[in-house]
Each structure stands twice: as C-alpha cells, then as structure tokens.
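Q: The file below is run.cif, mmCIF, C-alpha atoms:
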data_start
#
loop_
_atom_site.label_atom_id
_atom_site.label_comp_id
_atom_site.auth_asym_id
_atom_site.auth_seq_id
_atom_site.Cartn_x
_atom_site.Cartn_y
_atom_site.Cartn_z
CA MET A 7 17.01 3.50 33.65
CA SER A 8 19.12 6.29 32.25
CA VAL A 9 18.45 8.14 29.03
CA ARG A 10 21.39 8.64 26.72
CA PRO A 11 21.44 11.41 24.16
CA SER A 12 20.86 10.25 20.63
CA SER A 13 23.77 10.14 18.23
CA VAL A 14 21.46 11.18 15.38
CA ASP A 15 21.67 14.82 14.36
CA PRO A 16 18.47 16.79 14.94
CA ALA A 17 16.34 17.61 11.95
CA PRO A 18 17.65 20.51 9.89
CA PRO A 19 15.74 23.76 10.17
CA THR A 20 12.85 23.98 7.78
CA SER A 21 12.86 26.31 4.84
CA ALA A 22 10.07 28.36 3.38
CA ALA A 23 9.64 25.78 0.59
CA SER A 24 9.09 22.91 3.02
CA ASP A 25 6.71 25.05 5.08
CA ALA A 26 4.77 25.79 1.89
CA ALA A 27 4.71 22.08 1.03
CA SER A 28 3.33 21.19 4.44
CA GLU A 29 0.55 23.74 3.96
CA GLY A 30 -0.55 22.20 0.66
CA PHE A 31 1.22 24.58 -1.73
CA SER A 32 3.16 23.27 -4.69
CA THR A 33 6.93 22.97 -4.54
CA VAL A 34 9.60 23.12 -7.19
CA VAL A 35 10.22 19.77 -8.89
CA PRO A 36 13.77 19.22 -10.17
CA GLY A 37 13.88 19.19 -13.96
CA ARG A 38 10.62 21.08 -14.35
CA PRO A 39 10.26 24.79 -14.99
CA GLU A 40 8.92 26.81 -12.09
CA GLY A 41 5.32 27.91 -12.30
CA ASP A 42 1.88 27.07 -11.04
CA GLY A 43 1.61 23.98 -13.25
CA ASP A 44 -1.37 25.26 -15.24
CA ASP A 45 0.80 25.92 -18.29
CA ALA A 46 1.93 22.28 -18.67
CA SER A 47 0.50 20.60 -21.73
CA PRO A 48 -0.88 17.06 -21.57
CA ALA A 49 1.95 15.91 -23.86
CA ASP A 50 4.68 17.12 -21.49
CA PRO A 51 7.94 15.33 -22.44
CA LEU A 52 8.92 15.01 -18.77
CA ASP A 53 5.73 13.04 -18.10
CA SER A 54 6.61 10.53 -20.83
CA GLU A 55 10.15 10.21 -19.42
CA VAL A 56 8.75 9.57 -15.95
CA ALA A 57 6.23 7.08 -17.33
CA SER A 58 8.85 5.17 -19.32
CA GLY A 59 11.19 5.16 -16.31
CA PHE A 60 8.39 3.87 -14.11
CA LEU A 61 7.55 1.16 -16.64
CA ALA A 62 11.21 0.10 -16.92
CA ALA A 63 11.55 -0.02 -13.12
CA THR A 64 8.31 -2.00 -12.82
CA MET A 65 9.46 -4.55 -15.39
CA GLY A 66 12.80 -4.82 -13.59
CA GLU A 67 11.07 -5.53 -10.28
CA LEU A 68 8.74 -8.08 -11.89
CA GLY A 69 11.84 -9.86 -13.21
CA LYS A 70 13.00 -10.34 -9.60
CA VAL A 71 9.76 -12.05 -8.54
CA VAL A 72 9.98 -15.75 -7.81
CA TRP A 73 6.79 -17.08 -9.35
CA PRO A 74 5.26 -20.27 -7.89
CA SER A 75 5.17 -23.49 -9.86
CA ARG A 76 1.84 -24.80 -11.15
CA GLN A 77 1.82 -27.52 -8.45
CA GLN A 78 2.61 -25.05 -5.66
CA LEU A 79 -0.06 -22.64 -6.91
CA PHE A 80 -2.65 -25.43 -7.04
CA SER A 81 -1.85 -26.85 -3.59
CA GLU A 82 -1.82 -23.44 -1.91
CA SER A 83 -5.09 -22.47 -3.62
CA VAL A 84 -6.71 -25.68 -2.39
CA ALA A 85 -5.43 -24.98 1.14
CA VAL A 86 -6.90 -21.46 1.09
CA ILE A 87 -10.26 -22.71 -0.22
CA LEU A 88 -10.40 -25.44 2.44
CA MET A 89 -9.56 -23.02 5.26
CA VAL A 90 -12.21 -20.56 4.07
CA ALA A 91 -14.78 -23.36 3.88
CA LEU A 92 -13.87 -24.62 7.37
CA SER A 93 -14.04 -21.11 8.79
CA ALA A 94 -17.42 -20.51 7.17
CA ALA A 95 -18.71 -23.83 8.54
CA ALA A 96 -17.47 -23.00 12.05
CA ILE A 97 -19.09 -19.55 11.96
CA ALA A 98 -22.35 -21.06 10.65
CA ALA A 99 -22.32 -23.71 13.41
CA ILE A 100 -21.74 -21.09 16.12
CA ASP A 101 -24.47 -18.90 14.61
CA ARG A 102 -26.94 -21.80 14.55
CA PHE A 103 -26.08 -22.72 18.15
CA TYR A 104 -26.62 -19.17 19.40
CA GLY A 105 -29.83 -18.93 17.35
CA TRP A 106 -31.11 -22.16 18.90
CA ALA A 107 -30.03 -21.06 22.40
CA SER A 108 -31.74 -17.67 22.08
CA SER A 109 -34.93 -19.33 20.79
CA GLN A 110 -34.93 -21.58 23.88
CA VAL A 111 -34.42 -18.65 26.25
CA PHE A 112 -36.83 -16.20 24.67
CA ARG A 113 -39.90 -18.46 24.04
#
Just dump the structure as structure tokens.
A:
Amino acid sequence: MSVRPSSVDPAPPTSAASDAASEGFSTVVPGRPEGDGDDASPADPLDSEVASGFLAATMGELGKVVWPSRQQLFSESVAVILMVALSAAAIAAIDRFYGWASSQVFR
C-alpha cells in the first residue's frame, strides 16, 4: 500500500492570538471593542443583537422541522412504551432466574 501526499494545504502557522486563545486567554471578538471584558455593561447593545439574531435563527430552524402527525406521535409513543416494558420484563426475568440459580447453588 502506497501513501500519497495529501492535496490539502497544511495548517497555516499560528499567530500569537491563537496561541493565547489555546492557553485560555481572551481573544478579540469582531465588532466588540478590545479590552479585558470587565468594562462591558449588562445592557451591552451587542448582546441584544446577538440574542435577537440567535432567536431569529432558532425560529427559522424550527420552521424547517417536519412535525409528526397526532396519529404518528401516538403510534410511536405506544411502540416506545411497549419496548421499554418488554425490556424491563426480560431484565426482571433474567434477574429472577439468576437469583433462583444462586440460591440453589449457595444453600
């Protein structure tokens, strides 16, 4: 088996900012003033823009969801409940068998 060189370019050299980020230091966020972050007020307008953008994106994604019909929801719920009940019964039966077997061996 021969190894061919990859056609993907190697990772670019790291900068001081990415080294600082990997060591747990804060990095510069686009759109925010530089600083240690302690001077940001709780009512930062960028936070409300981010929150409203997140909410709009979330609502957009929820609009793409194909929700199940009432019948499909009911039938799949019944199937899950039955499988859980059967699994519990099987585990209980195996547990009782091993309990009985150990009581016969260790009398």
Q: To one decimal place, how far is CA of Val86 in chain A from CA of Pro74 in chain A in Å?
A: 15.2 Å
Q: So how many Å separate CA of Ala91 in chain A and CA of Ser109 in chain A, to one decimal?
A: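 CA of Ala91 in chain A sits 26.6 Å away from CA of Ser109 in chain A.
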Q: What is the distance between CA of Ala96 in chain A and CA of Ser83 in chain A, in Å to one decimal?
A: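 So the two atoms, CA of Ala96 in chain A and CA of Ser83 in chain A, lie 20.0 Å apart.
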